[in-house]
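Q: Sharing coords30.cif here; it has mmCIF, C-alpha atoms and all ligand atoms.
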data_protein
loop_
_atom_site.label_atom_id
_atom_site.label_comp_id
_atom_site.auth_asym_id
_atom_site.auth_seq_id
_atom_site.Cartn_x
_atom_site.Cartn_y
_atom_site.Cartn_z
CA MET A 1 20.82 20.83 -61.69
CA LYS A 2 21.25 24.51 -62.55
CA GLN A 3 19.66 25.58 -59.31
CA GLY A 4 22.01 23.38 -57.26
CA ILE A 5 25.06 24.75 -59.03
CA GLU A 6 23.99 28.30 -58.43
CA GLU A 7 23.21 27.72 -54.77
CA LYS A 8 26.45 26.07 -53.80
CA ARG A 9 29.60 28.18 -54.04
CA ILE A 10 32.86 26.34 -53.60
CA ILE A 11 36.55 27.23 -53.36
CA ILE A 12 38.80 25.99 -56.13
CA ALA A 13 42.50 26.00 -55.20
CA ILE A 14 44.98 25.79 -58.08
CA ASP A 15 48.62 25.31 -57.12
CA GLY A 16 51.71 24.49 -59.12
CA PRO A 17 55.16 25.67 -60.19
CA ALA A 18 55.98 28.78 -62.24
CA ALA A 19 54.35 29.10 -65.67
CA SER A 20 52.42 25.83 -65.33
CA GLY A 21 49.28 27.56 -66.61
CA LYS A 22 47.67 28.33 -63.26
CA SER A 23 46.61 31.90 -63.83
CA THR A 24 45.18 31.42 -67.33
CA THR A 25 43.29 28.32 -66.23
CA ALA A 26 42.08 29.88 -62.98
CA ARG A 27 40.88 33.07 -64.71
CA LYS A 28 38.89 31.16 -67.33
CA VAL A 29 37.39 28.70 -64.84
CA ALA A 30 36.30 31.65 -62.69
CA GLN A 31 34.69 33.36 -65.70
CA ARG A 32 32.78 30.22 -66.66
CA LEU A 33 31.43 29.71 -63.13
CA GLY A 34 30.82 33.40 -62.41
CA TYR A 35 33.36 33.21 -59.58
CA THR A 36 36.04 35.66 -58.46
CA TYR A 37 39.60 34.94 -59.54
CA ILE A 38 42.37 35.72 -57.04
CA ASP A 39 46.00 35.63 -58.16
CA THR A 40 47.99 35.22 -54.95
CA GLY A 41 51.29 35.34 -56.87
CA ALA A 42 50.39 38.93 -57.78
CA MET A 43 50.08 39.68 -54.05
CA TYR A 44 53.59 38.31 -53.30
CA ARG A 45 54.89 40.18 -56.33
CA SER A 46 53.29 43.41 -55.06
CA VAL A 47 55.01 43.12 -51.68
CA THR A 48 58.30 42.48 -53.49
CA LEU A 49 57.79 45.53 -55.70
CA LYS A 50 57.14 47.67 -52.62
CA VAL A 51 60.40 46.41 -51.08
CA LEU A 52 62.30 47.28 -54.29
CA ARG A 53 60.65 50.70 -54.68
CA GLN A 54 61.57 51.63 -51.12
CA GLY A 55 65.15 50.37 -51.61
CA LEU A 56 64.81 48.03 -48.62
CA LEU A 57 66.02 44.74 -50.13
CA ASP A 58 69.49 44.79 -48.57
CA ASP A 59 68.15 45.84 -45.16
CA ILE A 60 65.62 43.00 -45.25
CA ARG A 61 68.28 40.51 -46.30
CA ARG A 62 70.32 41.58 -43.25
CA SER A 63 67.39 41.60 -40.88
CA PRO A 64 64.40 39.73 -42.34
CA GLU A 65 62.01 40.66 -39.53
CA SER A 66 62.26 44.33 -40.57
CA VAL A 67 59.87 43.52 -43.43
CA SER A 68 57.05 43.84 -40.86
CA ASP A 69 57.32 47.66 -40.93
CA LEU A 70 56.57 47.76 -44.63
CA LEU A 71 53.55 45.47 -44.20
CA GLN A 72 51.85 47.89 -41.85
CA ASP A 73 50.63 50.30 -44.50
CA ILE A 74 50.23 47.95 -47.44
CA SER A 75 47.00 47.60 -49.35
CA ILE A 76 46.62 45.21 -52.28
CA ARG A 77 43.39 45.23 -54.25
CA PHE A 78 42.14 43.62 -57.43
CA ASP A 79 40.05 45.64 -59.86
CA GLY A 80 39.10 43.22 -62.63
CA ASP A 81 42.45 42.21 -64.14
CA ARG A 82 44.27 45.16 -62.57
CA VAL A 83 46.36 44.91 -59.41
CA LEU A 84 46.43 48.00 -57.21
CA LEU A 85 49.21 48.47 -54.66
CA ASN A 86 48.21 51.26 -52.29
CA GLY A 87 45.97 52.57 -55.06
CA ASP A 88 48.70 52.53 -57.71
CA ASP A 89 48.20 50.27 -60.79
CA VAL A 90 51.16 47.85 -60.73
CA THR A 91 49.74 45.18 -63.05
CA THR A 92 52.61 45.36 -65.54
CA GLU A 93 55.43 46.29 -63.20
CA ILE A 94 55.00 43.26 -60.91
CA ARG A 95 55.75 40.97 -63.89
CA GLU A 96 59.17 42.52 -64.51
CA ASN A 97 62.18 40.28 -64.17
CA ARG A 98 63.65 42.28 -61.30
CA VAL A 99 60.53 41.37 -59.30
CA SER A 100 60.54 37.70 -60.43
CA ARG A 101 64.14 37.37 -59.27
CA GLU A 102 63.43 38.49 -55.69
CA VAL A 103 59.87 37.26 -55.12
CA SER A 104 60.83 33.81 -53.81
CA PHE A 105 63.02 35.37 -51.14
CA ILE A 106 60.37 37.87 -50.03
CA SER A 107 57.66 35.19 -50.04
CA SER A 108 59.74 32.95 -47.78
CA LEU A 109 59.49 35.48 -44.90
CA LYS A 110 57.06 34.63 -42.10
CA PRO A 111 55.57 38.13 -41.59
CA VAL A 112 54.83 38.34 -45.31
CA ARG A 113 53.18 34.92 -45.44
CA ASP A 114 51.16 35.56 -42.28
CA ARG A 115 49.84 38.87 -43.58
CA LEU A 116 49.00 37.65 -47.08
CA ARG A 117 47.40 34.44 -45.83
CA GLU A 118 45.05 36.54 -43.70
CA MET A 119 44.17 38.75 -46.67
CA GLN A 120 43.59 35.70 -48.89
CA GLN A 121 41.37 33.96 -46.34
CA GLU A 122 39.34 37.15 -46.05
CA LEU A 123 39.01 37.40 -49.85
CA GLY A 124 37.72 33.81 -50.00
CA ARG A 125 35.45 34.03 -46.97
CA GLN A 126 32.25 34.19 -49.02
CA ARG A 127 33.50 31.31 -51.21
CA GLY A 128 32.79 31.28 -54.94
CA VAL A 129 36.48 31.90 -55.69
CA VAL A 130 39.21 30.37 -57.79
CA MET A 131 42.53 31.13 -56.11
CA ASP A 132 45.91 30.20 -57.56
CA GLY A 133 49.35 30.06 -55.96
CA ARG A 134 51.73 27.65 -54.26
CA ASP A 135 50.05 26.87 -50.92
CA ILE A 136 46.34 27.49 -51.48
CA GLY A 137 45.24 23.84 -51.18
CA THR A 138 47.76 23.03 -48.45
CA VAL A 139 47.72 26.10 -46.17
CA VAL A 140 45.34 28.92 -47.16
CA PHE A 141 42.23 26.83 -47.89
CA PRO A 142 42.94 23.22 -46.93
CA ASP A 143 39.14 22.78 -46.88
CA ALA A 144 38.77 23.87 -50.53
CA GLU A 145 36.26 21.52 -52.15
CA LEU A 146 38.41 21.23 -55.28
CA LYS A 147 42.20 21.22 -55.25
CA ILE A 148 44.20 21.14 -58.46
CA PHE A 149 47.95 20.75 -58.85
CA LEU A 150 49.17 21.79 -62.30
CA VAL A 151 52.56 20.62 -63.53
CA ALA A 152 54.41 20.87 -66.86
CA ASP A 153 57.82 20.10 -68.26
CA SER A 154 60.28 22.95 -67.46
CA ARG A 155 61.23 23.52 -71.12
CA GLU A 156 57.58 23.85 -72.06
CA ARG A 157 57.05 26.31 -69.20
CA ALA A 158 60.05 28.38 -70.31
CA LYS A 159 58.61 28.49 -73.85
CA ARG A 160 55.33 29.82 -72.50
CA ARG A 161 57.07 32.53 -70.50
CA TYR A 162 59.15 33.37 -73.59
CA ALA A 163 56.01 33.79 -75.70
CA GLU A 164 54.44 36.02 -73.03
CA LEU A 165 57.53 38.21 -72.87
CA ILE A 166 57.74 38.50 -76.65
CA ALA A 167 54.08 39.48 -76.81
CA LYS A 168 54.61 42.26 -74.27
CA ARG A 169 58.02 43.38 -75.57
CA SER A 170 58.31 47.03 -76.51
CA ASP A 171 60.03 47.99 -79.79
CA GLY A 172 63.80 47.65 -79.64
CA ALA A 173 63.80 45.86 -76.27
CA GLU A 174 66.23 42.96 -75.87
CA LEU A 175 64.98 39.48 -76.83
CA PRO A 176 64.57 37.12 -73.89
CA ASP A 177 66.84 34.08 -73.80
CA LEU A 178 65.04 30.71 -73.59
CA ASP A 179 67.81 28.86 -71.72
CA ALA A 180 68.13 31.67 -69.19
CA LEU A 181 64.36 31.71 -68.67
CA GLU A 182 64.28 27.95 -68.08
CA ASN A 183 67.11 28.30 -65.60
CA GLU A 184 65.37 31.12 -63.69
CA ILE A 185 62.15 29.10 -63.55
CA LYS A 186 64.02 26.08 -62.13
CA ILE A 187 65.78 28.23 -59.52
CA ARG A 188 62.45 29.74 -58.41
CA ASP A 189 60.70 26.34 -58.30
CA ASN A 190 63.49 24.99 -56.19
CA ALA A 191 63.35 27.91 -53.77
CA ASP A 192 59.54 27.65 -53.53
CA ALA A 193 59.59 23.87 -52.96
CA GLU A 194 62.48 23.84 -50.49
CA ARG A 195 61.46 26.70 -48.18
CA ALA A 196 60.45 25.91 -44.61
CA LEU A 197 57.14 27.79 -44.63
CA ALA A 198 54.25 26.76 -46.87
CA PRO A 199 56.43 25.14 -49.54
CA LEU A 200 55.10 24.31 -52.98
CA LYS A 201 53.67 20.84 -52.48
CA LYS A 202 50.80 18.77 -53.80
CA HIS A 203 48.03 18.18 -51.25
CA VAL A 204 47.14 14.48 -51.02
CA ASP A 205 43.62 15.27 -52.21
CA ALA A 206 44.72 17.42 -55.13
CA HIS A 207 44.08 16.34 -58.71
CA GLU A 208 47.35 16.54 -60.60
CA ILE A 209 47.09 17.69 -64.21
CA ASP A 210 50.14 17.71 -66.49
CA THR A 211 49.61 20.58 -68.91
CA SER A 212 52.74 19.99 -71.07
CA ASP A 213 50.67 18.72 -74.00
CA LEU A 214 47.31 20.25 -73.20
CA THR A 215 45.75 23.29 -74.81
CA ILE A 216 44.35 25.97 -72.51
CA GLU A 217 40.84 24.90 -73.51
CA ARG A 218 41.50 21.28 -72.48
CA GLN A 219 43.00 22.39 -69.15
CA VAL A 220 39.98 24.55 -68.44
CA GLU A 221 37.59 21.74 -69.42
CA ARG A 222 39.34 19.28 -67.11
CA VAL A 223 39.02 21.62 -64.12
CA LEU A 224 35.45 22.59 -64.96
CA ASP A 225 34.41 18.93 -65.25
CA LEU A 226 35.79 18.27 -61.77
CA ALA A 227 34.09 21.39 -60.41
CA LEU A 228 30.73 20.53 -61.96
CA ASP A 229 30.90 17.00 -60.50
CA ILE A 230 31.34 18.48 -57.05
CA LEU A 231 28.61 21.08 -57.55
CA GLN A 232 26.18 18.42 -58.74
CA ASP A 233 26.95 16.22 -55.74
CA CYS A 234 26.11 19.15 -53.50
CA ARG A 235 22.56 19.48 -54.79
O1 LIG B 301 53.24 33.47 -62.58
P1 LIG B 301 54.34 32.66 -61.99
O2 LIG B 301 54.03 31.22 -62.05
O3 LIG B 301 55.68 33.04 -62.49
O4 LIG B 301 54.46 33.01 -60.45
P2 LIG B 301 53.41 33.69 -59.52
O5 LIG B 301 52.22 32.79 -59.36
O6 LIG B 301 53.19 35.09 -59.96
O7 LIG B 301 54.18 33.68 -58.11
C1 LIG B 301 55.36 34.40 -57.92
C2 LIG B 301 56.07 33.89 -56.69
O8 LIG B 301 55.31 34.22 -55.51
C3 LIG B 301 56.31 32.40 -56.58
O9 LIG B 301 57.49 31.99 -57.25
C4 LIG B 301 56.41 32.19 -55.06
O10 LIG B 301 57.71 32.49 -54.59
C5 LIG B 301 55.47 33.24 -54.51
N1 LIG B 301 54.15 32.70 -54.14
C6 LIG B 301 54.02 32.05 -52.93
O11 LIG B 301 55.00 31.90 -52.21
N2 LIG B 301 52.82 31.60 -52.50
C7 LIG B 301 51.74 31.75 -53.28
N3 LIG B 301 50.55 31.32 -52.83
C8 LIG B 301 51.83 32.39 -54.53
C9 LIG B 301 53.07 32.85 -54.95
#
Any chance you could put this one into structure tokens?
Ligand code: CDP
A:
Amino acid sequence: MKQGIEEKRIIIAIDGPAASGKSTTARKVAQRLGYTYIDTGAMYRSVTLKVLRQGLLDDIRRSPESVSDLLQDISIRFDGDRVLLNGDDVTTEIRENRVSREVSFISSLKPVRDRLREMQQELGRQRGVVMDGRDIGTVVFPDAELKIFLVADSRERAKRRYAELIAKRSDGAELPDLDALENEIKIRDNADAERALAPLKKHVDAHEIDTSDLTIERQVERVLDLALDILQDCR
């Protein structure tokens, strides 16, 4: 059995709405299988940060196709848990609220999606990856052997984001507001699910897992069990 599992390397696509537990689950599943974890949300966040840093948001709102210029010299790399945007470590900055607020708009633009889809397909070419996002099972890797769709109650998701923000909060920084967080999450989910291109949607073959009442360990076990079933069938 062990030999079969080592020989066959699959793609595991994990999609779902904001704060549904995708990245924590995906990272742990990747560790357990010795696979590479790719956080595609971090890639959309990096493009958004670049737009904000260059002060181009208003220009792009007025003429969305102008985002193509900025994509010409963009490089996004992962170094372990670090995200490098043109060589600069942006791991923390891409999680800031100012990025979260604009990321759904930037990720609805065709040139952005085309460019990042290409990069993601290249990153997964050798397989043996766990990739999380909104359209991995539907658009980026519709042939992924295992597709997971994680969902959770919006209040529960807001509580998770709240806990993350509290954990990272610097001394004296303002406390996040739970109702406001829940509202922002709902607005982003709506934008991601309603957009014309690659909307957030469950693939018919995806296994839906509701994580509202699951611990991280249980979530990881559920995905690993499904992955091991597939790997054993491939012997
Ligand atoms: O971590 P969180 O669930 O808040 O979001 P994320 O995975 O970091 O993704 C941030 C945003 O990027 C999403 O709200 C989407 O607008 C966009 N995104 C996307 O359009 N397609 C993906 N494959 C991944 C993210």
Q: When you draw a straight line from CA of Ala193 (chain A) to CA of Asp73 (chain A), how long is it in Å?
A: 29.2 Å
Q: Which residues are near region 158-161 of chain A? Cut-off 9 Å, only C-alpha atoms, ignore same chain within fewer than 2 positions. Put them as a list in words.
A: Ala19, Ser20, Gly21, Asp153, Ser154, Arg155, Glu156, Ala163, Glu164, Leu165, Ile166, Leu178, Asp179, Ala180, Leu181, Glu182, Asn183, Glu184 and Ile185 of chain A
Q: Could you give me the centre and size, in Å to one decimal, of an axis-aligned box around all listed atoms of ligand LIG 301 (chain B) with 5 Å added on every side, as AutoDock Vina command-line options?
A:
--center_x 54.1 --center_y 33.2 --center_z -57.4 --size_x 17.2 --size_y 13.9 --size_z 20.4
Q: What does the distance from CA of Leu175 (chain A) to CA of Arg95 (chain A) come to in Å, to one decimal?
A: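 Calculated distance between CA of Leu175 (chain A) and CA of Arg95 (chain A) is 16.0 Å.
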Q: Quick one: residues within 7 Å of ligand LIG 301 (chain B), with all atoms listed in the file, as an mmCIF file with C-alpha atoms, keeping the file's coordinate frame?
A:
data_model
loop_
_atom_site.group_PDB
_atom_site.id
_atom_site.type_symbol
_atom_site.label_atom_id
_atom_site.label_comp_id
_atom_site.auth_asym_id
_atom_site.auth_seq_id
_atom_site.Cartn_x
_atom_site.Cartn_y
_atom_site.Cartn_z
ATOM 1 C CA PRO A 17 55.160 25.670 -60.190
ATOM 2 C CA ALA A 18 55.980 28.780 -62.240
ATOM 3 C CA ALA A 19 54.350 29.100 -65.670
ATOM 4 C CA SER A 20 52.420 25.830 -65.330
ATOM 5 C CA SER A 23 46.610 31.900 -63.830
ATOM 6 C CA ASP A 39 46.000 35.630 -58.160
ATOM 7 C CA THR A 40 47.990 35.220 -54.950
ATOM 8 C CA GLY A 41 51.290 35.340 -56.870
ATOM 9 C CA ALA A 42 50.390 38.930 -57.780
ATOM 10 C CA TYR A 44 53.590 38.310 -53.300
ATOM 11 C CA ARG A 45 54.890 40.180 -56.330
ATOM 12 C CA SER A 100 60.540 37.700 -60.430
ATOM 13 C CA VAL A 103 59.870 37.260 -55.120
ATOM 14 C CA SER A 104 60.830 33.810 -53.810
ATOM 15 C CA PHE A 105 63.020 35.370 -51.140
ATOM 16 C CA SER A 107 57.660 35.190 -50.040
ATOM 17 C CA SER A 108 59.740 32.950 -47.780
ATOM 18 C CA ASP A 132 45.910 30.200 -57.560
ATOM 19 C CA GLY A 133 49.350 30.060 -55.960
ATOM 20 C CA ARG A 134 51.730 27.650 -54.260
ATOM 21 C CA ASP A 135 50.050 26.870 -50.920
ATOM 22 C CA ILE A 136 46.340 27.490 -51.480
ATOM 23 C CA ARG A 188 62.450 29.740 -58.410
ATOM 24 C CA ASP A 189 60.700 26.340 -58.300
ATOM 25 C CA ASP A 192 59.540 27.650 -53.530
#
Q: What is the CA of Ile14 (chain A)-CA of Ile148 (chain A) distance in Å, reported with one decimal?
A: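 For CA of Ile14 (chain A) relative to CA of Ile148 (chain A), the distance reads 4.7 Å.
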Q: Excluding Arg115 (chain A) and its own-chain neighbours fewer than 4 positions away, which residues fall within 10 Å of it when counting all atoms listed in the file? Please give them as a ChimeraX atom specification.
A: /A:68,71-72,74,110-111,119-120
Q: Restricting the calculation to only C-alpha atoms: of A:Leu33, A:Leu228, A:Ile94, A:Ile38, which residue gets closest to Val51 (chain A)?
A: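 Of the candidates, the smallest distance to Val51 (chain A) is held by A:Ile94.
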Q: Please list as a list in words every residue within 12 Å of Leu57 (chain A), counting all atoms listed in the file and excluding residues in the same chain fewer than 2 positions away.
A: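 Residues meeting the cut-off are Val47, Thr48, Leu49, Lys50, Val51, Leu52, Arg53, Gln54, Gly55, Asp59, Ile60, Arg61, Arg62, Ser63, Pro64, Ser66, Val67, Leu70, Arg98, Val99, Arg101, Glu102, Val103, Phe105 and Ile106 of chain A.
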Q: Find the spatial neighbours of region 124-130 of chain A, counting only C-alpha atoms, within a cut-off of 9 Å - ignore same-chain residues fewer than 3 positions away - and output them as a list in words.
A: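 Counting only the stated atoms, we get Lys8, Arg9, Ile10, Ile11, Ile12, Ala13, Ile14, Ala26, Arg27, Val29, Ala30, Leu33, Gly34, Tyr35, Thr36, Tyr37, Ile38, Asp39, Met119, Gln120, Gln121 and Phe141 of chain A.
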